[in-house]
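Novice: Please find start.csv (CSV, C-alpha atoms) on the next line:
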chain,number,residue,atom,x,y,z
A,16,MET,CA,96.5,106.4,87.1
A,17,ASP,CA,95.0,106.3,83.6
A,18,ILE,CA,94.5,102.9,82.0
A,19,ALA,CA,93.2,101.9,78.5
A,20,ILE,CA,91.9,98.5,77.5
A,21,CYS,CA,91.8,97.8,73.8
A,22,GLU,CA,89.7,94.7,73.5
A,23,ASP,CA,87.0,93.8,70.9
A,24,ASN,CA,85.5,90.9,72.9
A,25,SER,CA,82.9,92.3,75.3
A,26,THR,CA,83.1,89.3,77.6
A,27,ASP,CA,86.9,89.5,77.9
A,28,CYS,CA,86.6,93.2,78.4
A,29,GLU,CA,84.2,92.8,81.3
A,30,ILE,CA,86.5,90.2,82.9
A,31,ILE,CA,89.6,92.3,82.7
A,32,THR,CA,87.7,95.4,83.9
A,33,SER,CA,86.4,93.4,86.9
A,34,LEU,CA,89.9,92.1,87.8
A,35,LEU,CA,91.4,95.6,87.6
A,36,SER,CA,88.6,96.8,89.9
A,37,MET,CA,89.5,94.1,92.4
A,38,TYR,CA,93.2,94.8,92.2
A,39,PHE,CA,93.1,98.6,92.7
A,40,SER,CA,90.5,98.2,95.4
A,41,ASP,CA,92.8,95.9,97.3
A,42,LYS,CA,95.6,98.4,96.8
A,43,SER,CA,93.4,101.3,97.9
A,44,MET,CA,94.5,103.1,94.7
A,45,THR,CA,92.4,105.3,92.3
A,46,TYR,CA,92.4,104.9,88.6
A,47,LYS,CA,90.6,105.9,85.5
A,48,LEU,CA,89.6,103.4,82.7
A,49,GLU,CA,88.9,104.0,79.1
A,50,LEU,CA,87.7,101.2,76.7
A,51,TYR,CA,88.5,100.8,73.0
A,52,GLU,CA,87.1,98.2,70.6
A,53,ASN,CA,89.9,98.7,68.1
A,54,GLY,CA,93.5,100.0,67.8
A,55,THR,CA,92.6,102.6,65.2
A,56,ASN,CA,90.7,104.8,67.7
A,57,LEU,CA,93.3,104.2,70.4
A,58,ILE,CA,96.1,105.4,68.1
A,59,TYR,CA,93.9,108.4,66.9
A,60,ASP,CA,93.4,109.5,70.5
A,61,PHE,CA,97.1,109.3,71.2
A,62,GLU,CA,97.8,111.4,68.1
A,63,GLU,CA,95.3,114.0,69.5
A,64,GLY,CA,97.2,114.2,72.8
A,65,ARG,CA,95.5,111.5,74.9
A,66,ASN,CA,97.8,109.5,77.1
A,67,PHE,CA,97.7,106.5,79.4
A,68,ASP,CA,100.0,105.1,82.0
A,69,ILE,CA,99.1,101.5,81.0
A,70,VAL,CA,97.6,100.1,77.9
A,71,PHE,CA,96.1,96.6,77.9
A,72,LEU,CA,96.1,95.4,74.3
A,73,ASP,CA,94.4,92.4,72.8
A,74,ASN,CA,96.6,90.8,70.3
A,75,TYR,CA,93.8,89.6,68.0
A,76,LEU,CA,91.6,92.6,67.2
A,77,LYS,CA,89.2,92.6,64.3
A,78,GLY,CA,91.2,93.3,61.2
A,79,GLN,CA,94.3,94.2,63.3
A,80,LEU,CA,97.1,92.6,65.2
A,81,GLY,CA,97.8,94.1,68.6
A,82,ILE,CA,101.5,93.8,68.1
A,83,ASN,CA,101.2,96.2,65.1
A,84,VAL,CA,99.1,98.6,67.1
A,85,ALA,CA,101.8,98.6,69.8
A,86,ARG,CA,104.5,99.3,67.2
A,87,LYS,CA,102.5,102.3,66.0
A,88,LEU,CA,102.1,103.6,69.5
A,89,ARG,CA,105.8,103.4,70.1
A,90,SER,CA,106.6,105.1,66.8
A,91,ILE,CA,104.4,108.1,67.8
A,92,GLY,CA,106.2,108.5,71.1
A,93,TYR,CA,104.2,106.5,73.6
A,94,ASN,CA,106.6,105.4,76.4
A,95,GLY,CA,104.2,104.0,78.9
A,96,LYS,CA,103.5,100.4,79.8
A,97,ILE,CA,102.0,97.9,77.3
A,98,ILE,CA,100.5,94.7,78.6
A,99,PHE,CA,99.3,92.2,75.9
A,100,LEU,CA,96.2,90.1,76.3
A,101,SER,CA,96.2,87.1,74.1
A,102,ALA,CA,94.7,83.7,73.4
A,103,SER,CA,98.0,82.5,72.0
A,104,SER,CA,101.7,82.8,72.8
A,105,GLU,CA,102.4,83.4,69.1
A,106,PHE,CA,103.6,87.0,69.6
A,107,ALA,CA,105.2,86.6,73.0
A,108,VAL,CA,108.7,86.9,71.6
A,109,ASP,CA,107.7,89.9,69.3
A,110,SER,CA,106.4,91.7,72.4
A,111,TYR,CA,110.0,92.3,73.5
A,112,ASP,CA,110.5,94.5,70.4
A,113,VAL,CA,107.9,97.0,71.8
A,114,SER,CA,109.2,96.8,75.4
A,115,ALA,CA,106.0,95.1,76.6
A,116,SER,CA,105.6,94.9,80.4
A,117,GLY,CA,103.6,91.7,80.3
A,118,TYR,CA,102.0,89.1,78.1
A,119,LEU,CA,98.9,87.6,79.7
A,120,LEU,CA,97.3,84.5,78.2
A,121,LYS,CA,93.6,84.0,78.2
A,122,PRO,CA,91.5,82.8,80.1
A,123,HIS,CA,92.3,85.7,82.4
A,124,CYS,CA,94.0,84.8,85.7
A,125,TYR,CA,93.8,87.2,88.6
A,126,GLU,CA,97.0,86.0,90.2
A,127,LYS,CA,99.0,86.6,87.0
A,128,LEU,CA,97.5,90.0,86.5
A,129,CYS,CA,98.5,90.9,90.0
A,130,ASN,CA,102.1,89.7,89.4
A,131,VAL,CA,102.4,91.9,86.3
A,132,LEU,CA,100.9,95.0,87.9
A,133,ASP,CA,103.0,94.5,91.1
A,134,SER,CA,106.1,94.5,89.0
A,135,ILE,CA,105.4,97.8,87.3
A,136,LEU,CA,103.5,99.9,89.9
A,137,PRO,CA,106.7,101.0,91.7
A,138,ASP,CA,107.2,103.1,88.5
A,139,TYR,CA,104.1,105.0,89.4
A,140,ASN,CA,104.5,105.8,93.1
A,141,SER,CA,103.6,109.1,94.7
A,142,SER,CA,107.1,110.5,94.3
A,143,THR,CA,106.9,111.1,90.6
A,144,TYR,CA,105.1,113.8,88.6
A,145,LEU,CA,103.5,113.0,85.3
A,146,VAL,CA,104.2,115.6,82.5
A,147,HIS,CA,102.7,115.0,79.1
A,148,ASN,CA,102.2,116.8,75.9
A,149,ARG,CA,101.0,116.0,72.4
A,150,SER,CA,103.8,113.7,71.5
A,151,ASN,CA,104.9,111.9,74.7
A,152,ALA,CA,104.7,111.6,78.5
A,153,VAL,CA,107.4,111.5,81.1
A,154,ARG,CA,107.3,110.8,84.9
A,155,ILE,CA,109.7,113.1,86.7
A,156,PRO,CA,110.9,112.1,90.2
A,157,TYR,CA,110.2,114.8,92.8
A,158,SER,CA,113.9,114.7,93.6
A,159,GLU,CA,114.7,116.0,90.1
A,160,ILE,CA,112.3,118.9,90.1
A,161,LEU,CA,114.1,122.2,90.8
A,162,PHE,CA,111.3,124.6,90.6
A,163,VAL,CA,108.1,125.4,88.6
A,164,GLU,CA,107.5,128.9,87.3
A,165,SER,CA,104.3,130.4,85.9
A,166,ASN,CA,104.7,132.0,82.5
A,167,ASN,CA,101.6,133.7,81.1
A,168,THR,CA,99.2,130.9,80.2
A,169,LYS,CA,101.5,128.1,81.0
A,170,CYS,CA,104.0,126.8,83.5
A,171,ILE,CA,107.6,125.7,83.0
A,172,LEU,CA,109.0,122.8,85.1
A,173,HIS,CA,112.8,123.0,85.5
A,174,ARG,CA,114.6,119.7,86.1
A,175,SER,CA,117.9,119.1,87.7
A,176,ASN,CA,119.4,117.5,84.5
A,177,GLY,CA,118.8,120.8,82.7
A,178,GLU,CA,115.6,119.9,80.9
A,179,SER,CA,112.5,122.1,81.1
A,180,HIS,CA,109.0,121.0,80.4
A,181,VAL,CA,106.0,123.2,79.5
A,182,ILE,CA,102.8,122.4,81.4
A,183,TYR,CA,99.5,123.9,80.3
A,184,LYS,CA,98.1,124.2,83.8
A,185,LYS,CA,97.8,126.9,86.5
A,186,LEU,CA,100.5,126.9,89.1
A,187,ASP,CA,97.8,126.6,91.8
A,188,ASP,CA,96.8,123.2,90.3
A,189,ILE,CA,100.4,122.0,90.0
A,190,GLU,CA,101.0,123.0,93.7
A,191,LYS,CA,98.1,120.8,94.7
A,192,GLU,CA,99.3,117.9,92.6
A,193,LEU,CA,102.9,118.2,94.0
A,194,SER,CA,101.6,117.5,97.5
A,195,ASP,CA,105.0,117.0,99.2
A,196,VAL,CA,106.5,119.0,102.0
A,197,ARG,CA,109.7,119.7,100.1
A,198,PHE,CA,107.8,122.1,97.7
A,199,LEU,CA,107.3,125.7,98.8
A,200,ARG,CA,105.2,128.3,97.1
A,201,SER,CA,107.7,131.2,97.5
A,202,HIS,CA,105.9,133.6,95.1
A,203,GLN,CA,102.8,133.9,93.1
A,204,SER,CA,104.8,132.7,90.1
A,205,TYR,CA,107.2,130.2,91.7
A,206,LEU,CA,107.0,126.8,93.4
A,207,VAL,CA,110.5,125.6,94.6
A,208,ASN,CA,112.0,122.4,95.8
A,209,MET,CA,113.6,123.3,99.1
A,210,ASP,CA,116.1,120.5,98.8
A,211,TYR,CA,118.0,122.6,96.2
A,212,ILE,CA,118.0,125.9,98.2
A,213,CYS,CA,121.5,126.8,99.3
A,214,ARG,CA,121.0,130.5,100.3
A,215,ALA,CA,118.0,132.5,101.5
A,216,ASP,CA,118.2,136.3,101.1
A,217,LYS,CA,115.9,138.6,99.1
A,218,HIS,CA,115.5,135.6,96.9
A,219,PHE,CA,116.3,131.9,97.1
A,220,GLU,CA,119.5,130.8,95.5
A,221,LEU,CA,119.6,127.2,94.3
A,222,THR,CA,122.6,124.8,94.2
A,223,THR,CA,122.3,125.0,90.4
A,224,GLY,CA,122.9,128.8,90.4
A,225,ASP,CA,119.2,129.5,89.6
A,226,ALA,CA,117.4,132.2,91.5
A,227,VAL,CA,113.8,131.9,92.7
A,228,MET,CA,111.8,134.9,93.7
A,229,ILE,CA,110.3,135.3,97.2
A,230,ARG,CA,107.1,137.2,97.8
A,231,GLN,CA,108.4,140.2,99.7
A,232,ARG,CA,105.4,141.0,101.8
A,233,ASP,CA,105.6,137.4,103.2
A,234,ILE,CA,109.3,137.0,103.2
A,235,LYS,CA,109.7,136.4,106.9
A,236,ASP,CA,107.1,133.6,107.0
A,237,ILE,CA,108.4,132.0,103.8
A,238,LYS,CA,112.1,132.0,105.0
A,239,LYS,CA,110.9,130.6,108.3
A,240,ARG,CA,109.1,127.7,106.5
A,241,TYR,CA,112.3,127.0,104.6
A,242,LEU,CA,114.5,127.1,107.8
A,243,GLU,CA,112.1,124.8,109.7
A,244,TYR,CA,112.2,122.3,106.8
A,245,ALA,CA,116.0,122.4,106.5
A,246,GLU,CA,116.5,122.0,110.2
A,247,LYS,CA,114.0,119.1,110.4
A,248,LYS,CA,115.7,117.4,107.4
A,249,ILE,CA,119.1,117.7,109.1
A,250,SER,CA,117.8,116.3,112.4
A,251,GLU,CA,116.4,113.3,110.5
A,252,GLU,CA,119.6,112.4,108.7
A,253,PRO,CA,121.4,109.4,110.0
A,254,ARG,CA,124.3,110.3,112.3
A,255,LYS,CA,127.7,109.5,110.9
A,256,GLN,CA,129.5,106.8,112.8
In structure tokens, what does this structure look like?

Specialist:
Amino acid sequence: MDIAICEDNSTDCEIITSLLSMYFSDKSMTYKLELYENGTNLIYDFEEGRNFDIVFLDNYLKGQLGINVARKLRSIGYNGKIIFLSASSEFAVDSYDVSASGYLLKPHCYEKLCNVLDSILPDYNSSTYLVHNRSNAVRIPYSEILFVESNNTKCILHRSNGESHVIYKKLDDIEKELSDVRFLRSHQSYLVNMDYICRADKHFELTTGDAVMIRQRDIKDIKKRYLEYAEKKISEEPRKQ
């Protein structure tokens, strides 16, 4: 999880950093943290393609109001979580205009921080995959990923709603990130969600009508892996009364 803290008071920054360390340690979760002293640099990094899952934003930055920084972030396509840090409740109502996920009053309180994070962390569980590009970011549930195909220097993720997303990574790396038993590397250029396979022949046919290639020299092993997965899934389904 990538987190940004935009706070110009070094003491407050140290406190919130320490509280976040305690929280994620208790949750046994990993995270990355980046610090900003002003909103200008934060906005600039977003415009250059940087992205964060959560932004902690001080409402009284030197020469800036945090609420205005938040409005700018939303206007350039940021759809992640924004949590305000403030010494006053002055902009609490305005925070709804930017779909803020929290408004924490100083001095910082660990319990209140925990309450806010506990309320939003379900959005970042292990069954979603983060895809981001220059303008925005989106978390796609594993259940909505049809297949991922390698295409020259990029990969294309196909989603069940018809959307496709370009990812500038190697398929090997995406396969490691999608560490879930439902995903099968059927070919050098294809990673498929076995939940959508309806027919296995010389290729996999999906319920959507799409066809996914199977590496022919390993076709027996690949089809065996699919059949074992499908049989196990059926056996685990609740029996109808």

Novice: Just give me the gap between atom CA of A:Ile237 and atom CA of A:Thr143 in Å, one decimal is fine.

Specialist: 24.8 Å

Novice: I need the residue nearest A:Gly54 from this list: A:Lys185, A:His202, A:Lys96, A:Lys87. Use only C-alpha atoms for the distance.

Specialist: A:Lys87

Novice: Fewer than 4 positions away in the same chain doesn't count, so skip those; otherwise give me all residues within 10 Å of stretch 161-176 of chain A, counting only C-alpha atoms, as a PyMOL selection string.

Specialist: chain A and resi 146+155-157+180-187+189-190+198-200+202-212+221-223+225-228

Novice: One decimal, Å: what's the distance from atom CA of A:Leu145 over to atom CA of A:Ser179, could you say?

Specialist: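 Computed distance, atom CA of A:Leu145 to atom CA of A:Ser179, equals 13.5 Å.
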
Novice: A:Ser104: which residues within 10 Å, counting all atoms listed in the file, same-chain residues fewer than 6 positions away excluded, as a list in words?

Specialist: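 Here the qualifying residues turn out to be Asn74, Tyr118, Leu119, Leu120 and Lys121 of chain A.
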
Novice: Can you check which parts of stretch 96-198 of chain A lie within 12 Å of stretch 28-33 of chain A? Per residue, the shortest pair of atoms and distance in Å to one decimal, counting all atoms listed in the file, sorted by chain and number, as a tab-separated table.

Specialist:
residue	atom	partner	partner_atom	distance
A:Ile98	CA	A:Ile31	CA	11.9
A:Phe99	CA	A:Ile31	CA	11.8
A:Leu100	CA	A:Ile31	CA	9.5
A:Leu119	CA	A:Ile31	CA	10.8
A:Leu120	CA	A:Ile31	CA	11.8
A:Lys121	CA	A:Ile31	CA	10.3
A:Pro122	CA	A:Ile30	CA	9.4
A:His123	CA	A:Ile31	CA	7.1
A:Cys124	CA	A:Ile31	CA	9.2
A:Tyr125	CA	A:Ile31	CA	8.9
A:Lys127	CA	A:Ile31	CA	11.8
A:Leu128	CA	A:Ile31	CA	9.1
A:Cys129	CA	A:Ile31	CA	11.6

Novice: Would you list the residues near (94.6, 94.3, 71.5) (no more than 8 Å away, in the coordinates of the file, using all atoms listed in the file) as a list in words?

Specialist: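 Residues with an atom at most 8 Å from (94.6, 94.3, 71.5): Ile20, Cys21, Glu22, Asp23, Asn53, Gly54, Phe71, Leu72, Asp73, Asn74, Tyr75, Leu76, Leu80, Gly81, Ile82, Val84, Phe99, Leu100 and Ser101 of chain A.
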
Novice: Would you output that residue set with C-alpha atoms, as a PDB file, in the coordinates of the input?

Specialist:
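Saved as again_31.pdb:
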ATOM      1  CA  ILE A  20      91.900  98.500  77.500  1.00  0.00           C
ATOM      2  CA  CYS A  21      91.800  97.800  73.800  1.00  0.00           C
ATOM      3  CA  GLU A  22      89.700  94.700  73.500  1.00  0.00           C
ATOM      4  CA  ASP A  23      87.000  93.800  70.900  1.00  0.00           C
ATOM      5  CA  ASN A  53      89.900  98.700  68.100  1.00  0.00           C
ATOM      6  CA  GLY A  54      93.500 100.000  67.800  1.00  0.00           C
ATOM      7  CA  PHE A  71      96.100  96.600  77.900  1.00  0.00           C
ATOM      8  CA  LEU A  72      96.100  95.400  74.300  1.00  0.00           C
ATOM      9  CA  ASP A  73      94.400  92.400  72.800  1.00  0.00           C
ATOM     10  CA  ASN A  74      96.600  90.800  70.300  1.00  0.00           C
ATOM     11  CA  TYR A  75      93.800  89.600  68.000  1.00  0.00           C
ATOM     12  CA  LEU A  76      91.600  92.600  67.200  1.00  0.00           C
ATOM     13  CA  LEU A  80      97.100  92.600  65.200  1.00  0.00           C
ATOM     14  CA  GLY A  81      97.800  94.100  68.600  1.00  0.00           C
ATOM     15  CA  ILE A  82     101.500  93.800  68.100  1.00  0.00           C
ATOM     16  CA  VAL A  84      99.100  98.600  67.100  1.00  0.00           C
ATOM     17  CA  PHE A  99      99.300  92.200  75.900  1.00  0.00           C
ATOM     18  CA  LEU A 100      96.200  90.100  76.300  1.00  0.00           C
ATOM     19  CA  SER A 101      96.200  87.100  74.100  1.00  0.00           C
TER      20      SER A 101
END

Novice: Please measure the separation of atom CA of A:Asp216 and atom CA of A:Arg240, giving the value in Å to one decimal.

Specialist: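 Result for atom CA of A:Asp216 versus atom CA of A:Arg240: 13.6 Å, one decimal.
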
Novice: Taking 2 positions as the minimum chain separation for residues in the same chain, which residues sit within 8 Å of A:Ile18 when counting all atoms listed in the file? Answer as a PDB file with C-alpha atoms, in the coordinates of the input.

Specialist:
ATOM      1  CA  MET A  16      96.500 106.400  87.100  1.00  0.00           C
ATOM      2  CA  ILE A  20      91.900  98.500  77.500  1.00  0.00           C
ATOM      3  CA  TYR A  46      92.400 104.900  88.600  1.00  0.00           C
ATOM      4  CA  LYS A  47      90.600 105.900  85.500  1.00  0.00           C
ATOM      5  CA  LEU A  48      89.600 103.400  82.700  1.00  0.00           C
ATOM      6  CA  GLU A  49      88.900 104.000  79.100  1.00  0.00           C
ATOM      7  CA  PHE A  67      97.700 106.500  79.400  1.00  0.00           C
ATOM      8  CA  ASP A  68     100.000 105.100  82.000  1.00  0.00           C
ATOM      9  CA  ILE A  69      99.100 101.500  81.000  1.00  0.00           C
ATOM     10  CA  VAL A  70      97.600 100.100  77.900  1.00  0.00           C
ATOM     11  CA  PHE A  71      96.100  96.600  77.900  1.00  0.00           C
TER      12      PHE A  71
END

Novice: Find the residue from A:Ser90, A:Asn66, A:Ser103, A:Ser134 that sits nearest to A:His147; use all atoms listed in the file when measuring.

Specialist: A:Asn66

Novice: For each of A:Ile58, A:Val131, A:Gly224, A:Glu159, take the minimum atom-to-atom distance to A:Gly117, counting all atoms listed in the file, then give the residue where this is smallest.

Specialist: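 Among the listed residues, A:Val131 lies closest to A:Gly117.
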